[in-house]
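To start, the structure under review is shown below, and the notes come after it.
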Amino acid sequence: MSTNRWLATGNYFTSYQDEQRLFFTHLDRTILSLFLFMLFVWPLLFSLSNKYMLVLDNILIAMVAIIGLNIVTGFAGLISIGHAAFMGIGAYTLASFSRTLGDSHVIITHAWPLMIVLSGLMGAVFGAIVGLPAMRLKHLYLAIATLSFQMIFSWTINFLEFFNQGQTIAISRVFWFTGKLGRKDHYLFWYYVLLVVVILSGFMVRNLLRTRYGRCLSAVRDNDRAADAMGMHPGLTKVYAFGLAGFFAGIAGALHAYVYRGVGFESFTLHHSITLLAMAIVGGLGTLNGSFWGPTAIIALELQVETLAEHAGQILPSDWNLATALKPFSFGLVIVLFLMFEPRGIANWWRIARSYTKLWPFRY
Amino acid sequence: MKNRKRMTVVFSLTLIVLFAFTVQAQAGETYKLGLSLAITGPTSDAGDPYSKGVEDYFQYVNDMKILGDDKIECTIRDDQYKTDVTKRNFEDFLDQGIVFYLNYSTGSTLALKKDFDEEKMPTIPASFHAGNLVDSSYIFLPIASYSAQAIGLAEYVANNHKGSGTPKVAMFLHPSAFGRGPLEDVQKAVAAGLKIEIVEVVEHGKDLDNTAMLQRLKSKGVQYVIGQTIQSPVATMLKDASRLGLVAKTFGEEGKITFTGCHYTGGNDLVSLAGPAAENYYWTTSYIVTSEPGVGTDAQLALAKKYGRDEKTANSHNYANGVMVAQVAAEAILRAKAKGVKITKESLYDELLAMNGMNAFYPVTTVGPVTYSKTDKAGVDTLQMYAVKDGVFHSVGAPFIPEYTGKIK
Amino acid sequence: MSYFFQLVVSGIVVGSIYALAALGFVLIYKSSKVLNIAHGQIIAAGAFIAYALTGMVGIPIYISFLLSMVITFFLAMSVERIFLRRLIGEPIISVIMVTIGLMSIIDGLIFLTPFGSVNFSFPLFLPQTLISFGGVSISWTQLVGVIVTFLMIGGFSWFFKKSTVGISMRAVSDDQFASMSVGISVPRVFGLAWATAGLSAAAAGVIIGNITGLNFETLQAFGITVFPVVILGGLDSILGAVVAGVIMGIIQQFASGYLDGNWGLNGTAEVLPYIILLIILLFKPHGLFGIHEIERV
């Protein structure tokens, strides 16, 4: 234990408990608390346009989903190309209530926290079921099992009349203590809800990694045979991982349904699964803070590229197709360049920045 | 040639910079509109010419000073067919204060339906899905819905069937709500007395071979296929059918199959995909085609030429589609202006609702007038049959209005 | 009965084309253990290059077919050189992600050309008649497709079995470090794997383009469509790709031929391969012909 609880410049751990602490220094805790406080307070100080509130909500939804994806792909090392389908399970859990009870039934508008948790549980159940092949499958073969699930999900939603054949199923606005939310409050309200969910999930995962099960995950990722020999059950661990990932995805899906006020199959396609994977990787797989960096970076990038393409479109004649082609091109290029030069994601920059400030003014 | 183009760009850039300062002094009002559609990504083959049609017509309105000193500023944004992005764009457009909104896909129109109603935003989507109009009062379809088109085709089949007995029909549908939408309405029309028999409903996948499917239809005695999907699967089917010698030379030829389809199955895109196999394909839409001489054709080609569009775009029916939608929007603004009302989304909505009877609007690129009222939110109700002869679409018969669309309501 | 045989024959024909499209995945995976998600885009690019050479420059289709294969060969090789060379030794998932990024880049490049949003079709160069026997018929395009598929697959099988380069490619797939130590240039092998995958992609593109017409969305979707084929065959087996392709083709034909329209089902051909895939994976986790990895702690 270093003598200074505020600034620790090195590793002074003398017990395992020390190593497992949530915050290494008081400074860490203070900065984080201040940062979270700012996140809650800024909307009171100045207001953002609906578009950007929606973008923020979208980023936060993606964060919840990515936290889940990071458990299965990052910590347990199982590539999942079906994460959007798990989100879809959550959203369609909500949608099936809307379908059977009507879109503004009390259970949807008033008991929304319950609905969100319920959607998460449904996601977890499906996650565990899809994870079952993980008992036998490995590597890319497992990835394809998740891909199959994605395809089967799309087909089912698209086919069944109960799910409106993939067309939008409306979800009504929810009630808060002040009454039914208005149009302007809608995004702000969900910003706060999402923020709480993200923070809770963040702490949950942070704590998870300190438990026996959390260590099981990385042990299984690094070498499942060795983990087996150490008395862990690799198969079950993987199924748990899928279940947990499904849980977060389900929550994200339900939140998506509430924010967008409807569930349509087009928001949960293979393309979205791939985008989620991109977010996780750009953020940095197997890190918690990567789950926050990834969605922020990718969505911000998308907006930047859109603005860029728009400016280009004003200058260039539209029959050159340059402005329209710019959007996918630069999006892909940034991802590729990023991975070429920083395959460990933004989380690695964060790590470097942190250790630099920690040790400053010394190099090491 | 390239150099000259670049020169023009540089030149026009300098002009823009110069004008930026001078225009401010004398400018009238600027009306903001928004269009969110798929220029890249799925269905971009329809979205790209559509966006160019919209862009060109508004440019034309501004250049010709049709609205006097007032200008239309339409932001066109690519959403790559993602509903979430469409929603974002719409919110952005609202923040910018648009008075009229143009949407694109079936999925996003249905997803944003509530927002249009809440915001009281008059909206014209490029999707003619009949379900768009359910529980909505601010969505206006530019032309007859897919359902009306499919019923129109079914009626055409019933009226022009030469053999004895009820004509046997198969439906060839896109595996989505977009494709399945009209099926129910056609079935209702049959129940209401339309003399056709739906023998089979086929939902296609990404098929590379339709031989077995066609043989099955043949053995079931199917004589007509009504398609509601996009061009590419139709092209594959037509190629197989023509190889099998199944395509009827004339409408309803005995022992062969006559292939017909709705708006998004046809047009020059189909001919360029299917080549000679597209021969004798029957297609219905409310737009004119540029292979038929007429005022509309001349206007469309002149517009495309004025803004330097290539030949494929100029002749695309989706270009006509975009031009027409822009025309309706501009016409609503023009009419509101003529009345001296302030241009707001409310006044434009009222103008659209008043577009009927004597006030019906005749865009040159459609085969009939645009009529909107409280009860009729589909613009051009008239349909025109086209058939491919020697690689181009020619009109068959006179424009018609399907009868059973009214009867099944 | 002839309906049944027609389904079988159509299934085999479609399946061989799937196999050709799947071959690209296998070739890349075999040597570098990378799953190239952008393969569909390369297939589309190959078809567009062939069309551009024929329809716009005016080269006879047979020559432009070969030319497009050559161009795509070098294109894919340079893709590997520019984007993937740096990533040798990085975790596989980063590399897969790069191919996802590549997908967007190639999309962007194709949207620069008219091919992104305008449809075209190849000029007819094969007889438009049918080849029929006993009530079963296939078209010339399909026949040529099958022949090209089997030529390519035969060629590649020989290449991997007999030629020095092919053997070195297999060696690399077996153990990169060991092959480096015996003097094989691993980067060169990777480049070659991508190049040959490009070659097969161009062939697949031209054949599919001939059947469906040249529509970017349709063509690039085949990258994902053949996923189940690749897995079913085992990611690294050329023979597996063929067998799995044919199995998938027949399953799809049977699904749309017998299931669709009955019991209220429709469009089952899209989903059935994935269901079967899932079942097969449970019993044979390495596909039908994949190499069983023996793991030691």
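Labels for the structure tokens follow display order: chains A, B, ..., residues from 1 in each chain, ligands from 1.
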Go through chain B residue by residue and, counting only C-alpha atoms, keep those with an atom at most 8 Å from chain A; for each kept residue give the shortest atom pair and its distance in Å to one decimal, ordered by chain and increasing number, as a Markdown table.
| residue | atom | partner | partner_atom | distance |
| --- | --- | --- | --- | --- |
| B:Val9 | CA | A:Leu316 | CA | 7.2 |
| B:Leu13 | CA | A:Ile315 | CA | 7.3 |
| B:Ile39 | CA | A:Thr324 | CA | 6.9 |
| B:Thr40 | CA | A:Thr324 | CA | 6.9 |
| B:Lys52 | CA | A:Ser318 | CA | 7.8 |
| B:Arg77 | CA | A:Glu310 | CA | 7.9 |
| B:Asp78 | CA | A:Thr324 | CA | 7.4 |
| B:Lys82 | CA | A:Glu266 | CA | 7.0 |
| B:Thr83 | CA | A:Glu266 | CA | 6.7 |
| B:Asp84 | CA | A:Ser267 | CA | 6.8 |
| B:Arg88 | CA | A:Lys51 | CA | 5.8 |
| B:Asn89 | CA | A:Lys51 | CA | 7.5 |
| B:Glu91 | CA | A:Lys51 | CA | 5.0 |
| B:Asp92 | CA | A:Lys51 | CA | 5.0 |
| B:Asp95 | CA | A:Ser49 | CA | 6.7 |
| B:Gly107 | CA | A:Gln167 | CA | 6.4 |
| B:Leu110 | CA | A:Thr168 | CA | 6.0 |
| B:Ala111 | CA | A:Thr168 | CA | 5.3 |
| B:Pro175 | CA | A:Asn158 | CA | 7.7 |
| B:Ser176 | CA | A:Asn158 | CA | 6.2 |
| B:Ala177 | CA | A:Gln165 | CA | 6.0 |
| B:Gly308 | CA | A:Asp319 | CA | 7.8 |
| B:Arg309 | CA | A:Asp319 | CA | 6.6 |
| B:Asp310 | CA | A:Asp319 | CA | 7.9 |
Could you dump the residues just selected with N, CA and C atoms as a compact mmCIF listing (two decimals), in the first residue's frame?
# COMPACT_ATOMS: atom_id res chain seq x y z
N VAL B 9 -16.53 23.79 -62.79
CA VAL B 9 -16.67 23.73 -61.33
C VAL B 9 -16.00 24.92 -60.70
N LEU B 13 -17.78 27.88 -58.74
CA LEU B 13 -17.41 28.12 -57.35
C LEU B 13 -17.16 29.60 -57.11
N ILE B 39 -29.02 6.47 -51.28
CA ILE B 39 -28.27 6.70 -52.52
C ILE B 39 -27.18 5.63 -52.65
N THR B 40 -26.68 5.18 -51.50
CA THR B 40 -25.80 4.01 -51.52
C THR B 40 -26.48 2.94 -50.68
N LYS B 52 -31.62 12.36 -57.86
CA LYS B 52 -31.22 13.31 -58.90
C LYS B 52 -32.43 14.02 -59.48
N ARG B 77 -30.18 13.69 -48.11
CA ARG B 77 -29.21 12.97 -47.29
C ARG B 77 -29.33 11.47 -47.50
N ASP B 78 -28.18 10.85 -47.57
CA ASP B 78 -28.11 9.41 -47.81
C ASP B 78 -28.27 8.67 -46.48
N LYS B 82 -31.05 2.63 -43.83
CA LYS B 82 -31.12 2.27 -42.42
C LYS B 82 -32.17 3.15 -41.75
N THR B 83 -33.15 2.51 -41.14
CA THR B 83 -34.25 3.25 -40.52
C THR B 83 -33.76 4.20 -39.43
N ASP B 84 -32.79 3.73 -38.65
CA ASP B 84 -32.30 4.56 -37.55
C ASP B 84 -31.71 5.86 -38.09
N ARG B 88 -32.77 9.88 -37.61
CA ARG B 88 -31.82 10.93 -37.24
C ARG B 88 -31.90 12.09 -38.22
N ASN B 89 -31.94 11.74 -39.51
CA ASN B 89 -32.04 12.78 -40.52
C ASN B 89 -33.31 13.59 -40.35
N GLU B 91 -35.04 14.12 -37.63
CA GLU B 91 -34.90 15.01 -36.47
C GLU B 91 -34.04 16.22 -36.84
N ASP B 92 -33.01 15.96 -37.61
CA ASP B 92 -32.14 17.04 -38.03
C ASP B 92 -32.91 18.04 -38.91
N ASP B 95 -35.03 20.16 -36.86
CA ASP B 95 -34.26 21.22 -36.21
C ASP B 95 -33.99 22.36 -37.17
N GLY B 107 -40.00 0.67 -44.89
CA GLY B 107 -39.68 0.46 -43.49
C GLY B 107 -39.61 1.75 -42.72
N LEU B 110 -43.01 3.60 -42.31
CA LEU B 110 -43.84 3.01 -41.26
C LEU B 110 -43.29 3.34 -39.88
N ALA B 111 -41.96 3.33 -39.78
CA ALA B 111 -41.35 3.57 -38.47
C ALA B 111 -41.56 5.02 -38.02
N PRO B 175 -39.76 -11.24 -50.34
CA PRO B 175 -40.02 -11.83 -49.02
C PRO B 175 -39.98 -10.78 -47.91
N SER B 176 -40.88 -9.84 -47.94
CA SER B 176 -40.93 -8.81 -46.90
C SER B 176 -42.32 -8.20 -46.92
N ALA B 177 -42.55 -7.28 -46.00
CA ALA B 177 -43.85 -6.60 -45.95
C ALA B 177 -44.11 -5.84 -47.24
N GLY B 308 -27.11 18.07 -67.01
CA GLY B 308 -26.00 17.20 -67.38
C GLY B 308 -26.09 15.78 -66.86
N ARG B 309 -27.30 15.21 -66.83
CA ARG B 309 -27.42 13.83 -66.37
C ARG B 309 -27.09 12.87 -67.50
N ASP B 310 -26.57 11.70 -67.13
CA ASP B 310 -26.27 10.72 -68.17
C ASP B 310 -27.56 10.10 -68.68
| task | Check the DSSP output for the backbone and give back, as a VMD selection string, the residues of segment 32-273 of chain B in alpha helix (DSSP H). | result | chain B and resid 44 to 63 83 to 96 106 to 119 146 to 160 177 to 191 211 to 219 231 to 243 268 to 273
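Nearest to chain C of all the residues B:Lys32, B:Lys162, B:Arg180, B:Lys389 is B:Arg180, counting only C-alpha atoms.
Here is the contact set of chain B against chain C, at 6 Å and counting only C-alpha atoms: Ser44, Asp45, Glu203, Gly205, Ala212, Thr236, Arg243, Asp269, Ser272 and Leu273 of chain B.
Nearest to chain C of all the residues A:Leu22, A:Ala278, A:Leu32, A:Ile61 is A:Ala278, counting only C-alpha atoms.
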| Proximal residues of chain C relative to chain A (only C-alpha atoms; 7 Å) as a PyMOL selection string | chain C and resi 86-87+94+97-98+101-102+104-105+107-109+111-112+231+271+274-275+278+282+285+297
| Selection: 9 Å around segment 253-258 of chain B, only C-alpha atoms, excl. self and same-chain fewer than 2 positions, as JSON, numbers by chain | {"B": [161, 162, 163, 217, 218, 221, 222, 223, 224, 225, 226, 241, 245, 246, 247, 248, 249, 250, 251, 260, 280, 281, 282]}
| said: Using Å and a single decimal, report how far atom CA of Tyr191 of chain A sits from atom CA of Leu39 of chain A. | reply: 9.9 Å
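Across C:Gly183, C:Gly46, C:Gly135, C:Pro91, the tightest approach to Met69 of chain C is made by C:Gly46 when counting only C-alpha atoms.
Going from atom CA of Gln300 of chain B over to atom CA of Gly357 of chain B, you cover 25.7 Å.
Take the candidates A:Val259, A:Leu60, A:Ala76, A:Ile116 and check each one against Gly235 of chain A using only C-alpha atoms; the shortest distance goes to A:Ala76.
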| message | Need to verify the contact set: Ala241 of chain C, 8 Å, only C-alpha atoms, exclusion of same-chain residues closer than 4 positions in sequence. Can you return it as number ranges by chain? | response | C: 19, 22-23, 26, 229-230, 232-234, 237, 245
| said: Which residues are close to Ile96 of chain C, i.e. within 9 Å by only C-alpha atoms, leaving aside same-chain residues fewer than 3 positions away? Reply as a list in words. | reply: Val34, Leu35, Asn36, Ile37, Ile92, Ile93, Thr99, Ile100 and Gly101 of chain C
| Length of the atom CA of Ile71 of chain C to atom CA of Val206 of chain C vector [Å] | 13.2 Å
Write out as a tab-separated table (two decimals) with N, CA and C atoms, in the first residue's frame which residues come within 9 Å of Pro402 of chain B when counting only C-alpha atoms, dropping same-chain ones fewer than 6 positions away.
chain	number	residue	atom	x	y	z
B	148	ALA	N	-53.10	-1.17	-55.21
B	148	ALA	CA	-53.89	-0.74	-56.35
B	148	ALA	C	-53.25	-1.20	-57.66
B	149	GLN	N	-51.92	-1.15	-57.69
B	149	GLN	CA	-51.23	-1.59	-58.91
B	149	GLN	C	-51.46	-3.08	-59.15
B	151	ILE	N	-53.89	-4.93	-58.00
B	151	ILE	CA	-55.29	-5.14	-58.36
B	151	ILE	C	-55.52	-4.71	-59.80
B	152	GLY	N	-54.90	-3.59	-60.18
B	152	GLY	CA	-55.01	-3.13	-61.56
B	152	GLY	C	-54.53	-4.20	-62.53
B	153	LEU	N	-53.39	-4.82	-62.20
B	153	LEU	CA	-52.87	-5.89	-63.05
B	153	LEU	C	-53.83	-7.07	-63.09
B	155	GLU	N	-57.01	-7.02	-62.61
B	155	GLU	CA	-58.18	-6.65	-63.41
B	155	GLU	C	-57.87	-6.72	-64.89
B	156	TYR	N	-56.67	-6.24	-65.23
B	156	TYR	CA	-56.27	-6.27	-66.62
B	156	TYR	C	-56.24	-7.72	-67.12
B	381	ASP	N	-54.13	8.29	-59.36
B	381	ASP	CA	-54.87	7.02	-59.26
B	381	ASP	C	-54.84	6.24	-60.56
B	382	THR	N	-54.49	6.94	-61.64
B	382	THR	CA	-54.50	6.31	-62.96
B	382	THR	C	-53.27	5.44	-63.15
B	383	LEU	N	-53.47	4.30	-63.79
B	383	LEU	CA	-52.34	3.42	-64.09
B	383	LEU	C	-52.23	3.27	-65.60
| For Thr290 of chain B: contacts at 9 Å, only C-alpha atoms, fewer than 5 positions along chain excluded, given as a PyMOL selection string | chain B and resi 296-298+300-301+314-317+393
For the residues selected in the previous step, produce a file with N, CA and C atoms as an mmCIF file, in the first residue's frame.
data_model
loop_
_atom_site.group_PDB
_atom_site.id
_atom_site.type_symbol
_atom_site.label_atom_id
_atom_site.label_comp_id
_atom_site.auth_asym_id
_atom_site.auth_seq_id
_atom_site.Cartn_x
_atom_site.Cartn_y
_atom_site.Cartn_z
ATOM 1 N N GLY B 296 -44.428 14.942 -71.630
ATOM 2 C CA GLY B 296 -43.713 14.556 -70.417
ATOM 3 C C GLY B 296 -42.306 14.092 -70.734
ATOM 4 N N THR B 297 -42.189 13.242 -71.761
ATOM 5 C CA THR B 297 -40.885 12.731 -72.161
ATOM 6 C C THR B 297 -39.945 13.874 -72.496
ATOM 7 N N ASP B 298 -40.450 14.809 -73.321
ATOM 8 C CA ASP B 298 -39.598 15.929 -73.719
ATOM 9 C C ASP B 298 -39.143 16.719 -72.503
ATOM 10 N N GLN B 300 -38.956 15.761 -69.370
ATOM 11 C CA GLN B 300 -38.034 15.016 -68.520
ATOM 12 C C GLN B 300 -36.630 15.006 -69.106
ATOM 13 N N LEU B 301 -36.552 14.718 -70.416
ATOM 14 C CA LEU B 301 -35.240 14.638 -71.041
ATOM 15 C C LEU B 301 -34.570 16.010 -71.060
ATOM 16 N N ALA B 314 -31.417 9.883 -67.102
ATOM 17 C CA ALA B 314 -32.454 10.678 -67.776
ATOM 18 C C ALA B 314 -33.650 9.816 -68.141
ATOM 19 N N ASN B 315 -33.403 8.574 -68.508
ATOM 20 C CA ASN B 315 -34.494 7.712 -68.960
ATOM 21 C C ASN B 315 -35.066 6.817 -67.862
ATOM 22 N N SER B 316 -34.590 7.004 -66.652
ATOM 23 C CA SER B 316 -35.075 6.136 -65.575
ATOM 24 C C SER B 316 -36.451 6.587 -65.098
ATOM 25 N N HIS B 317 -37.338 5.608 -64.824
ATOM 26 C CA HIS B 317 -38.649 5.993 -64.313
ATOM 27 C C HIS B 317 -38.547 6.461 -62.869
ATOM 28 N N PHE B 393 -39.959 -0.145 -73.402
ATOM 29 C CA PHE B 393 -41.333 -0.197 -72.911
ATOM 30 C C PHE B 393 -42.235 0.672 -73.793
#
